[in-house]
Amino acid sequence: MRATARGCHTGPMNSVPEIYDFTVIGAGPAGLFAAFYAGLREMKTKVIDALPEPGGQLAVLYPEKYIYDVPGHPKILAKDLVRLLVEQASMFAPTFVYGQRIETLTRATVGDEEVWRLGTVTETHYSRTVLIATGVGAFVPNKLDRPGMAEFEGNGVYYFVKDKNVLRKKRLLIIGGGDTAVDWCLNLRDWASEITLIHRREGFRAHEASLAALRLTGIPILVPWELKRVHGEDGRVTGATIFNNRTGEERDLEVDAILVNIGFKAALGPVLSWGLSMADSRHIRVDGFMETNLPGVYAAGDVAAVEGSEPLNLIVTGFAQAAIAANAARARLQPGARLFPGHSSELKLPA
Ligand code: FAD
């Protein structure tokens with residue numbers, strides 16, 4: 001593989017596809033930190049995630065929870081850690097691509113170069129090296145199949161909160177019994193004009209402290225209640241019919257928006273068909289440089305299992321693995337380049 005330096009890339013000008021030095025699949029903490037290190041090592045870097053936002057498990061499963069074991073942060077909210085990781089990676093202006101799941105990873109010839117081709121259903125990306133930081137897999141929200149749900153999805157019916165502004169001063173129905181539903185009730189209580197929470201079971205899976213805080217807010221909590229149908233007019237949600245699944249009692253609520261937080265499915269899915277040597281069904285086998293059996297393809301974070309060790313699925317482990325993978329990719333791209341990046345404190349970095 002030939003050595004590259006930033007700025008000397010085959011670009012779209014001559015209609016040859018743009019080739020990146022280092023492409024990260026997955027914008028969880030491991031992928032984001034790898035993007036920072038790849039930038040530090042002057043690699044042209046792209047980060048691709050199936051989700052519409054960065055953060056992986058931190059953004060999807062526990063944005064409002066404190067994390068206590070990130071070095072240098074006695075405690076930090078998961079969503080704040082994501083914001084800081086994006087800020088840190090952005091120092092070197094990588095390309096971020098959201099909402100695309102990588103389906104295929106194959107070899108391709110571009111010009112006179114052999115590179116990796118990453119295929120999604122809409123686009124193809126090319127890269128000299130690849131980091132798989134797919135964690136527990138691409139997240140897909142569990143959906144509720146009720147009359148009106150599909151019709152108003154994205155326009156009054158939401159499975160993610162991408163932009164809190166769409167819920168500003170809205171009468172909101174939140175559905176779910178886990179941390180995400182409860183955390184959104186707490187987060188949006190002064191933002192929405194009114195919130196009702198329904199959950200189909202008596203018991204909640206959410207953290208006890210969050211539930212205690214929720215009970216203090218006075219937000220109506222209805223259990224065991226479920227959504228029956230969504231009502232709308234002129235393309236907007238106007239109400240919802242809910243029912244008690246024990247007694248059959250029904251109620252009509254006047255609401256402007258419905259937020260469904262009934263969990264996510266995560267599956268490695270396509271990753272399993274890329275010809276990788278797996279340690280088990282959820283972990284890719286890597287060597288001490290975080291390289292897989294495919295040359296120039298690395299893995300880090302929850303998805304990686306280092307030969308002779310056991311996966312320790314923690315953010316801090318993923319950070320270290322990400323740094324090793326990015327530096328190893330640099331050394332591979334430019335034979336003679338050192339694995340050791342130098343001390344960042346001694347480098348001249350962008351302000
Ligand atoms: P992930 O965070 O899983 O991110 C992977 C990303 O890859 C996702 O965004 C996904 O959409 C994307 N992706 C997957 N497949 C594809 C594909 N084919 N194409 C495109 N994108 C794809 N750890 C700690 O250290 N401390 C804690 O306090 C802590 N608390 C936790 C609390 C909870 C409730 C949970 C569930 C986990 C907690 N963890 C904690 C674990 C920690 O969140 C994980 O170790 C960490 O998120 C792993 O990071 P990652 O970057 O490897 O993967």
# chains A, B, ... in the order shown; residues from 1 in each chain; ligands from 1

call {"tool": "closest_atom_pairs", "arguments": {"of": "chain A", "to": "ligand 1", "cutoff": "8 Å", "atoms": "only C-alpha atoms and all ligand atoms", "output": "tab-separated table"}}
result
residue	atom	partner	partner_atom_place_in_ligand_line	distance
A:Ile25	CA	ligand 1	20 (C)	5.2
A:Gly26	CA	ligand 1	7 (O)	3.2
A:Ala27	CA	ligand 1	9 (O)	5.0
A:Gly28	CA	ligand 1	51 (O)	3.5
A:Pro29	CA	ligand 1	51 (O)	4.1
A:Ala30	CA	ligand 1	51 (O)	3.7
A:Gly31	CA	ligand 1	51 (O)	5.3
A:Leu32	CA	ligand 1	51 (O)	7.4
A:Ile48	CA	ligand 1	20 (C)	5.6
A:Asp49	CA	ligand 1	21 (N)	3.6
A:Ala50	CA	ligand 1	21 (N)	4.0
A:Leu51	CA	ligand 1	11 (O)	4.9
A:Glu53	CA	ligand 1	9 (O)	7.8
A:Pro54	CA	ligand 1	9 (O)	6.2
A:Gly55	CA	ligand 1	9 (O)	5.8
A:Gly56	CA	ligand 1	9 (O)	3.2
A:Gln57	CA	ligand 1	2 (O)	4.0
A:Leu58	CA	ligand 1	43 (O)	5.4
A:Leu61	CA	ligand 1	34 (C)	5.7
A:Tyr62	CA	ligand 1	34 (C)	5.4
A:Lys65	CA	ligand 1	32 (C)	7.7
A:Tyr66	CA	ligand 1	28 (O)	7.1
A:Ile67	CA	ligand 1	28 (O)	4.2
A:Tyr68	CA	ligand 1	28 (O)	5.8
A:Asp69	CA	ligand 1	26 (N)	5.5
A:Val70	CA	ligand 1	25 (O)	6.7
A:Gly99	CA	ligand 1	20 (C)	7.8
A:Gln100	CA	ligand 1	20 (C)	5.9
A:Arg101	CA	ligand 1	19 (N)	3.5
A:Ile102	CA	ligand 1	19 (N)	3.9
A:Glu103	CA	ligand 1	18 (N)	5.8
A:Ala133	CA	ligand 1	52 (O)	5.3
A:Thr134	CA	ligand 1	7 (O)	3.5
A:Gly135	CA	ligand 1	53 (O)	3.2
A:Val136	CA	ligand 1	3 (O)	4.8
A:Gly137	CA	ligand 1	14 (C)	3.8
A:Ala138	CA	ligand 1	14 (C)	3.4
A:Phe139	CA	ligand 1	11 (O)	5.0
A:Ala266	CA	ligand 1	14 (C)	7.8
A:Ala267	CA	ligand 1	15 (N)	7.4
A:Leu268	CA	ligand 1	15 (N)	5.8
A:Gly269	CA	ligand 1	18 (N)	7.2
A:Pro270	CA	ligand 1	18 (N)	6.1
A:Val271	CA	ligand 1	18 (N)	6.1
A:Ala300	CA	ligand 1	52 (O)	6.3
A:Gly301	CA	ligand 1	52 (O)	3.3
A:Asp302	CA	ligand 1	52 (O)	4.0
A:Val303	CA	ligand 1	52 (O)	6.0
A:Ala304	CA	ligand 1	52 (O)	7.9
A:Leu312	CA	ligand 1	45 (O)	7.9
A:Asn313	CA	ligand 1	45 (O)	4.4
A:Leu314	CA	ligand 1	25 (O)	3.6
A:Ile315	CA	ligand 1	25 (O)	3.8
A:Val316	CA	ligand 1	25 (O)	5.6
A:Thr317	CA	ligand 1	25 (O)	7.6
A:Gly318	CA	ligand 1	52 (O)	5.8

call {"tool": "residues_around", "arguments": {"residues": "region 146-153 of chain A", "least_positions_apart": "6", "cutoff": "10 Å", "atoms": "only C-alpha atoms", "output": "list of chain:residue names"}}
result
A:Tyr159, A:Leu227, A:Lys228, A:Arg229, A:Val230, A:His231, A:Gly232, A:Gly235, A:Arg236, A:Val237, A:Ala240, A:Ala257, A:Ile258, A:Leu259

call {"tool": "residues_around", "arguments": {"residues": "Arg168 (chain A)", "least_positions_apart": "4", "cutoff": "7 Å", "atoms": "only C-alpha atoms", "output": "ChimeraX atom specification"}}
result
/A:164,191-192

call {"tool": "select_by_dssp", "arguments": {"residues": "region 121-238 of chain A", "states": "strand (DSSP E or B)", "output": "JSON, numbers by chain"}}
result
{"A": [124, 125, 126, 127, 128, 129, 130, 131, 132, 138, 139, 140, 141, 153, 157, 158, 171, 172, 173, 174, 175, 194, 195, 196, 197, 198, 221, 222, 225, 226, 227, 228, 229, 230, 231, 232, 233, 236, 237, 238]}

call {"tool": "write_last_selection", "arguments": {"atoms": "N, CA and C atoms", "output": "compact mmCIF listing (two decimals), in the first residue's frame"}}
result
# COMPACT_ATOMS: atom_id res chain seq x y z
N THR A 124 -21.00 4.47 -1.95
CA THR A 124 -19.81 3.64 -1.80
C THR A 124 -18.67 4.53 -1.30
N HIS A 125 -17.92 4.04 -0.32
CA HIS A 125 -16.79 4.79 0.22
C HIS A 125 -15.52 3.97 -0.03
N TYR A 126 -14.40 4.69 -0.22
CA TYR A 126 -13.13 4.00 -0.50
C TYR A 126 -12.09 4.44 0.53
N SER A 127 -11.31 3.47 0.97
CA SER A 127 -10.35 3.80 2.02
C SER A 127 -9.16 2.85 1.98
N ARG A 128 -8.01 3.42 2.35
CA ARG A 128 -6.79 2.59 2.37
C ARG A 128 -6.76 1.69 3.59
N THR A 129 -7.23 2.21 4.70
CA THR A 129 -7.35 1.39 5.91
C THR A 129 -8.74 1.62 6.51
N VAL A 130 -9.16 0.68 7.34
CA VAL A 130 -10.52 0.74 7.90
C VAL A 130 -10.44 0.37 9.38
N LEU A 131 -11.20 1.08 10.19
CA LEU A 131 -11.36 0.67 11.59
C LEU A 131 -12.81 0.29 11.82
N ILE A 132 -13.02 -0.93 12.27
CA ILE A 132 -14.37 -1.36 12.63
C ILE A 132 -14.56 -1.07 14.11
N ALA A 138 -25.26 -2.04 14.78
CA ALA A 138 -26.04 -0.85 14.41
C ALA A 138 -27.38 -0.89 15.14
N PHE A 139 -27.75 0.26 15.72
CA PHE A 139 -28.99 0.31 16.48
C PHE A 139 -30.18 0.61 15.58
N VAL A 140 -31.25 -0.13 15.81
CA VAL A 140 -32.52 0.15 15.14
C VAL A 140 -33.58 0.23 16.22
N PRO A 141 -34.36 1.32 16.29
CA PRO A 141 -35.36 1.40 17.36
C PRO A 141 -36.48 0.38 17.17
N GLU A 153 -44.75 9.25 11.45
CA GLU A 153 -43.36 9.07 11.89
C GLU A 153 -42.46 10.18 11.33
N VAL A 157 -44.50 11.85 15.43
CA VAL A 157 -44.20 10.56 16.07
C VAL A 157 -42.70 10.34 15.93
N TYR A 158 -42.01 10.17 17.08
CA TYR A 158 -40.55 10.10 17.04
C TYR A 158 -40.04 8.88 17.82
N ARG A 171 -47.52 19.36 23.73
CA ARG A 171 -48.11 18.38 24.66
C ARG A 171 -47.59 17.01 24.20
N LEU A 172 -46.89 16.36 25.10
CA LEU A 172 -46.10 15.21 24.70
C LEU A 172 -46.53 13.92 25.41
N LEU A 173 -46.67 12.87 24.63
CA LEU A 173 -46.90 11.54 25.20
C LEU A 173 -45.60 10.75 25.04
N ILE A 174 -45.05 10.29 26.16
CA ILE A 174 -43.83 9.47 26.10
C ILE A 174 -44.22 8.03 26.44
N ILE A 175 -43.69 7.09 25.65
CA ILE A 175 -44.04 5.68 25.85
C ILE A 175 -42.79 4.88 26.16
N GLU A 194 -46.48 19.95 28.36
CA GLU A 194 -47.17 18.95 29.17
C GLU A 194 -46.61 17.58 28.79
N ILE A 195 -46.41 16.72 29.77
CA ILE A 195 -45.93 15.37 29.42
C ILE A 195 -46.80 14.33 30.13
N THR A 196 -47.13 13.27 29.42
CA THR A 196 -47.75 12.10 30.04
C THR A 196 -46.86 10.91 29.69
N LEU A 197 -46.60 10.06 30.69
CA LEU A 197 -45.79 8.86 30.45
C LEU A 197 -46.69 7.64 30.57
N ILE A 198 -46.65 6.77 29.56
CA ILE A 198 -47.37 5.50 29.72
C ILE A 198 -46.38 4.34 29.55
N ILE A 221 -48.02 9.39 35.37
CA ILE A 221 -47.41 8.12 34.95
C ILE A 221 -48.54 7.09 34.93
N LEU A 222 -48.86 6.57 33.77
CA LEU A 222 -49.97 5.63 33.65
C LEU A 222 -49.45 4.23 33.36
N TRP A 225 -50.62 0.96 30.84
CA TRP A 225 -51.35 1.56 29.72
C TRP A 225 -50.52 1.47 28.44
N GLU A 226 -51.25 1.34 27.33
CA GLU A 226 -50.58 1.22 26.03
C GLU A 226 -51.25 2.14 25.02
N LEU A 227 -50.55 2.39 23.94
CA LEU A 227 -51.10 3.21 22.87
C LEU A 227 -52.02 2.36 21.99
N LYS A 228 -53.18 2.91 21.67
CA LYS A 228 -54.09 2.18 20.77
C LYS A 228 -54.03 2.77 19.36
N ARG A 229 -54.15 4.09 19.26
CA ARG A 229 -54.04 4.72 17.94
C ARG A 229 -53.64 6.18 18.06
N VAL A 230 -53.11 6.70 16.94
CA VAL A 230 -52.70 8.10 16.88
C VAL A 230 -53.71 8.84 16.01
N HIS A 231 -54.11 10.02 16.46
CA HIS A 231 -55.03 10.83 15.66
C HIS A 231 -54.29 12.02 15.09
N GLY A 232 -54.71 12.43 13.91
CA GLY A 232 -54.07 13.59 13.30
C GLY A 232 -54.99 14.31 12.34
N GLU A 233 -54.59 15.51 12.03
CA GLU A 233 -55.37 16.36 11.12
C GLU A 233 -54.41 17.24 10.36
N ARG A 236 -50.68 16.75 10.95
CA ARG A 236 -50.03 16.86 12.26
C ARG A 236 -50.80 16.06 13.31
N VAL A 237 -50.06 15.60 14.30
CA VAL A 237 -50.67 14.80 15.37
C VAL A 237 -51.53 15.69 16.25
N THR A 238 -52.74 15.21 16.56
CA THR A 238 -53.63 15.98 17.43
C THR A 238 -54.02 15.22 18.69

call {"tool": "residues_around", "arguments": {"residues": "Leu253 (chain A)", "least_positions_apart": "3", "cutoff": "8 Å", "atoms": "only C-alpha atoms", "output": "list in words"}}
result
Gly239, Ala240, Thr241 and Ile242 of chain A

call {"tool": "write_last_selection", "arguments": {"atoms": "N, CA and C atoms", "output": "PDB file, in the first residue's frame"}}
result
ATOM      1  N   GLY A 239     -53.814  13.916  18.697  1.00  0.00           N
ATOM      2  CA  GLY A 239     -54.216  13.165  19.881  1.00  0.00           C
ATOM      3  C   GLY A 239     -53.807  11.712  19.814  1.00  0.00           C
ATOM      4  N   ALA A 240     -54.088  11.015  20.916  1.00  0.00           N
ATOM      5  CA  ALA A 240     -53.778   9.588  20.982  1.00  0.00           C
ATOM      6  C   ALA A 240     -54.829   8.903  21.835  1.00  0.00           C
ATOM      7  N   THR A 241     -55.221   7.716  21.419  1.00  0.00           N
ATOM      8  CA  THR A 241     -56.085   6.904  22.272  1.00  0.00           C
ATOM      9  C   THR A 241     -55.200   5.891  22.973  1.00  0.00           C
ATOM     10  N   ILE A 242     -55.325   5.828  24.298  1.00  0.00           N
ATOM     11  CA  ILE A 242     -54.544   4.858  25.067  1.00  0.00           C
ATOM     12  C   ILE A 242     -55.507   3.925  25.795  1.00  0.00           C
TER      13      ILE A 242
END

call {"tool": "residues_around", "arguments": {"residues": "Pro94 (chain A)", "least_positions_apart": "4", "cutoff": "8 Å", "atoms": "only C-alpha atoms", "output": "JSON, numbers by chain"}}
result
{"A": [35, 39, 44, 45, 46, 47, 89, 90]}

call {"tool": "write_last_selection", "arguments": {"atoms": "N, CA, C and O atoms", "output": "mmCIF file, in the first residue's frame"}}
result
data_model
loop_
_atom_site.group_PDB
_atom_site.id
_atom_site.type_symbol
_atom_site.label_atom_id
_atom_site.label_comp_id
_atom_site.auth_asym_id
_atom_site.auth_seq_id
_atom_site.Cartn_x
_atom_site.Cartn_y
_atom_site.Cartn_z
ATOM 1 N N ALA A 35 -10.860 8.712 15.385
ATOM 2 C CA ALA A 35 -10.840 9.780 14.372
ATOM 3 C C ALA A 35 -9.911 10.905 14.812
ATOM 4 O O ALA A 35 -9.191 11.487 13.999
ATOM 5 N N GLY A 39 -6.461 11.904 12.824
ATOM 6 C CA GLY A 39 -6.197 13.283 12.415
ATOM 7 C C GLY A 39 -4.843 13.754 12.914
ATOM 8 O O GLY A 39 -4.076 14.389 12.182
ATOM 9 N N LYS A 44 -6.197 11.305 6.247
ATOM 10 C CA LYS A 44 -7.486 11.837 5.773
ATOM 11 C C LYS A 44 -8.559 10.851 6.243
ATOM 12 O O LYS A 44 -8.557 9.685 5.845
ATOM 13 N N THR A 45 -9.446 11.334 7.092
ATOM 14 C CA THR A 45 -10.281 10.430 7.881
ATOM 15 C C THR A 45 -11.771 10.654 7.655
ATOM 16 O O THR A 45 -12.233 11.789 7.555
ATOM 17 N N LYS A 46 -12.479 9.552 7.618
ATOM 18 C CA LYS A 46 -13.949 9.606 7.511
ATOM 19 C C LYS A 46 -14.544 8.740 8.620
ATOM 20 O O LYS A 46 -13.983 7.700 8.962
ATOM 21 N N VAL A 47 -15.655 9.182 9.184
ATOM 22 C CA VAL A 47 -16.369 8.402 10.197
ATOM 23 C C VAL A 47 -17.793 8.183 9.691
ATOM 24 O O VAL A 47 -18.459 9.145 9.313
ATOM 25 N N ALA A 89 -12.327 15.317 18.013
ATOM 26 C CA ALA A 89 -12.071 14.739 16.687
ATOM 27 C C ALA A 89 -12.133 15.818 15.610
ATOM 28 O O ALA A 89 -11.377 15.791 14.635
ATOM 29 N N SER A 90 -13.021 16.791 15.809
ATOM 30 C CA SER A 90 -13.230 17.824 14.771
ATOM 31 C C SER A 90 -12.035 18.751 14.616
ATOM 32 O O SER A 90 -11.946 19.491 13.634
#

call {"tool": "select_by_dssp", "arguments": {"residues": "region 172-255 of chain A", "states": "helix (DSSP H, G or I)", "output": "list in words"}}
result
Asp179, Thr180, Ala181, Val182, Asp183, Trp184, Cys185, Leu186, Asn187, Leu188, Glu208, Ala209, Ser210, Leu211, Ala212, Ala213, Leu214, Arg215, Leu216 and Thr217 of chain A

call {"tool": "decode", "arguments": {"residues": "region 247-278 of chain A", "atoms": "N, CA and C atoms", "output": "PDB file, in the first residue's frame"}}
result
ATOM      1  N   THR A 247     -57.703  -3.589  32.382  1.00  0.00           N
ATOM      2  CA  THR A 247     -59.152  -3.370  32.513  1.00  0.00           C
ATOM      3  C   THR A 247     -59.825  -3.102  31.163  1.00  0.00           C
ATOM      4  N   GLY A 248     -59.048  -2.724  30.158  1.00  0.00           N
ATOM      5  CA  GLY A 248     -59.628  -2.398  28.850  1.00  0.00           C
ATOM      6  C   GLY A 248     -60.113  -0.956  28.762  1.00  0.00           C
ATOM      7  N   GLU A 249     -60.053  -0.201  29.857  1.00  0.00           N
ATOM      8  CA  GLU A 249     -60.488   1.203  29.837  1.00  0.00           C
ATOM      9  C   GLU A 249     -59.696   1.998  28.783  1.00  0.00           C
ATOM     10  N   GLU A 250     -60.404   2.868  28.085  1.00  0.00           N
ATOM     11  CA  GLU A 250     -59.733   3.694  27.069  1.00  0.00           C
ATOM     12  C   GLU A 250     -59.802   5.160  27.439  1.00  0.00           C
ATOM     13  N   ARG A 251     -58.783   5.924  27.007  1.00  0.00           N
ATOM     14  CA  ARG A 251     -58.792   7.376  27.207  1.00  0.00           C
ATOM     15  C   ARG A 251     -58.270   8.048  25.954  1.00  0.00           C
ATOM     16  N   ASP A 252     -58.816   9.221  25.663  1.00  0.00           N
ATOM     17  CA  ASP A 252     -58.294  10.035  24.561  1.00  0.00           C
ATOM     18  C   ASP A 252     -57.482  11.175  25.148  1.00  0.00           C
ATOM     19  N   LEU A 253     -56.248  11.295  24.692  1.00  0.00           N
ATOM     20  CA  LEU A 253     -55.385  12.390  25.160  1.00  0.00           C
ATOM     21  C   LEU A 253     -55.183  13.375  24.019  1.00  0.00           C
ATOM     22  N   GLU A 254     -55.198  14.634  24.359  1.00  0.00           N
ATOM     23  CA  GLU A 254     -54.852  15.648  23.350  1.00  0.00           C
ATOM     24  C   GLU A 254     -53.341  15.838  23.397  1.00  0.00           C
ATOM     25  N   VAL A 255     -52.646  15.409  22.374  1.00  0.00           N
ATOM     26  CA  VAL A 255     -51.181  15.564  22.341  1.00  0.00           C
ATOM     27  C   VAL A 255     -50.749  16.049  20.960  1.00  0.00           C
ATOM     28  N   ASP A 256     -49.580  16.700  20.946  1.00  0.00           N
ATOM     29  CA  ASP A 256     -49.028  17.191  19.677  1.00  0.00           C
ATOM     30  C   ASP A 256     -47.906  16.295  19.171  1.00  0.00           C
ATOM     31  N   ALA A 257     -47.329  15.526  20.103  1.00  0.00           N
ATOM     32  CA  ALA A 257     -46.192  14.683  19.700  1.00  0.00           C
ATOM     33  C   ALA A 257     -46.130  13.440  20.581  1.00  0.00           C
ATOM     34  N   ILE A 258     -45.590  12.385  19.990  1.00  0.00           N
ATOM     35  CA  ILE A 258     -45.455  11.111  20.708  1.00  0.00           C
ATOM     36  C   ILE A 258     -44.011  10.654  20.565  1.00  0.00           C
ATOM     37  N   LEU A 259     -43.390  10.378  21.711  1.00  0.00           N
ATOM     38  CA  LEU A 259     -41.997   9.913  21.704  1.00  0.00           C
ATOM     39  C   LEU A 259     -41.990   8.475  22.198  1.00  0.00           C
ATOM     40  N   VAL A 260     -41.562   7.572  21.342  1.00  0.00           N
ATOM     41  CA  VAL A 260     -41.583   6.147  21.692  1.00  0.00           C
ATOM     42  C   VAL A 260     -40.173   5.698  22.046  1.00  0.00           C
ATOM     43  N   ASN A 261     -40.001   5.237  23.270  1.00  0.00           N
ATOM     44  CA  ASN A 261     -38.690   4.739  23.733  1.00  0.00           C
ATOM     45  C   ASN A 261     -38.866   3.336  24.278  1.00  0.00           C
ATOM     46  N   ILE A 262     -39.056   2.390  23.383  1.00  0.00           N
ATOM     47  CA  ILE A 262     -39.298   1.023  23.852  1.00  0.00           C
ATOM     48  C   ILE A 262     -38.130   0.118  23.475  1.00  0.00           C
ATOM     49  N   GLY A 263     -36.960   0.712  23.446  1.00  0.00           N
ATOM     50  CA  GLY A 263     -35.753  -0.081  23.258  1.00  0.00           C
ATOM     51  C   GLY A 263     -35.267  -0.122  21.827  1.00  0.00           C
ATOM     52  N   PHE A 264     -34.090  -0.685  21.693  1.00  0.00           N
ATOM     53  CA  PHE A 264     -33.440  -0.789  20.394  1.00  0.00           C
ATOM     54  C   PHE A 264     -32.984  -2.215  20.180  1.00  0.00           C
ATOM     55  N   LYS A 265     -32.907  -2.576  18.918  1.00  0.00           N
ATOM     56  CA  LYS A 265     -32.250  -3.842  18.581  1.00  0.00           C
ATOM     57  C   LYS A 265     -30.883  -3.461  18.048  1.00  0.00           C
ATOM     58  N   ALA A 266     -29.886  -4.184  18.477  1.00  0.00           N
ATOM     59  CA  ALA A 266     -28.560  -3.946  17.900  1.00  0.00           C
ATOM     60  C   ALA A 266     -28.044  -5.288  17.404  1.00  0.00           C
ATOM     61  N   ALA A 267     -27.586  -5.296  16.167  1.00  0.00           N
ATOM     62  CA  ALA A 267     -27.053  -6.545  15.635  1.00  0.00           C
ATOM     63  C   ALA A 267     -25.849  -6.234  14.768  1.00  0.00           C
ATOM     64  N   LEU A 268     -24.815  -7.048  14.913  1.00  0.00           N
ATOM     65  CA  LEU A 268     -23.630  -6.825  14.081  1.00  0.00           C
ATOM     66  C   LEU A 268     -23.975  -7.043  12.610  1.00  0.00           C
ATOM     67  N   GLY A 269     -24.965  -7.898  12.378  1.00  0.00           N
ATOM     68  CA  GLY A 269     -25.512  -8.095  11.030  1.00  0.00           C
ATOM     69  C   GLY A 269     -24.455  -8.232   9.956  1.00  0.00           C
ATOM     70  N   PRO A 270     -24.345  -7.202   9.099  1.00  0.00           N
ATOM     71  CA  PRO A 270     -23.477  -7.329   7.923  1.00  0.00           C
ATOM     72  C   PRO A 270     -22.020  -7.605   8.271  1.00  0.00           C
ATOM     73  N   VAL A 271     -21.543  -7.123   9.421  1.00  0.00           N
ATOM     74  CA  VAL A 271     -20.131  -7.278   9.792  1.00  0.00           C
ATOM     75  C   VAL A 271     -19.723  -8.759   9.738  1.00  0.00           C
ATOM     76  N   LEU A 272     -20.695  -9.612  10.056  1.00  0.00           N
ATOM     77  CA  LEU A 272     -20.398 -11.043  10.136  1.00  0.00           C
ATOM     78  C   LEU A 272     -20.100 -11.663   8.761  1.00  0.00           C
ATOM     79  N   SER A 273     -20.441 -10.933   7.697  1.00  0.00           N
ATOM     80  CA  SER A 273     -20.229 -11.527   6.356  1.00  0.00           C
ATOM     81  C   SER A 273     -19.023 -10.921   5.638  1.00  0.00           C
ATOM     82  N   TRP A 274     -18.146 -10.238   6.355  1.00  0.00           N
ATOM     83  CA  TRP A 274     -17.022  -9.561   5.702  1.00  0.00           C
ATOM     84  C   TRP A 274     -15.743 -10.408   5.659  1.00  0.00           C
ATOM     85  N   GLY A 275     -15.857 -11.660   6.086  1.00  0.00           N
ATOM     86  CA  GLY A 275     -14.691 -12.551   6.026  1.00  0.00           C
ATOM     87  C   GLY A 275     -13.720 -12.349   7.183  1.00  0.00           C
ATOM     88  N   LEU A 276     -14.237 -11.798   8.278  1.00  0.00           N
ATOM     89  CA  LEU A 276     -13.381 -11.549   9.448  1.00  0.00           C
ATOM     90  C   LEU A 276     -13.271 -12.793  10.301  1.00  0.00           C
ATOM     91  N   SER A 277     -12.117 -12.970  10.904  1.00  0.00           N
ATOM     92  CA  SER A 277     -11.970 -14.068  11.859  1.00  0.00           C
ATOM     93  C   SER A 277     -12.604 -13.613  13.179  1.00  0.00           C
ATOM     94  N   MET A 278     -13.599 -14.364  13.635  1.00  0.00           N
ATOM     95  CA  MET A 278     -14.345 -13.968  14.838  1.00  0.00           C
ATOM     96  C   MET A 278     -13.870 -14.777  16.047  1.00  0.00           C
TER      97      MET A 278
END
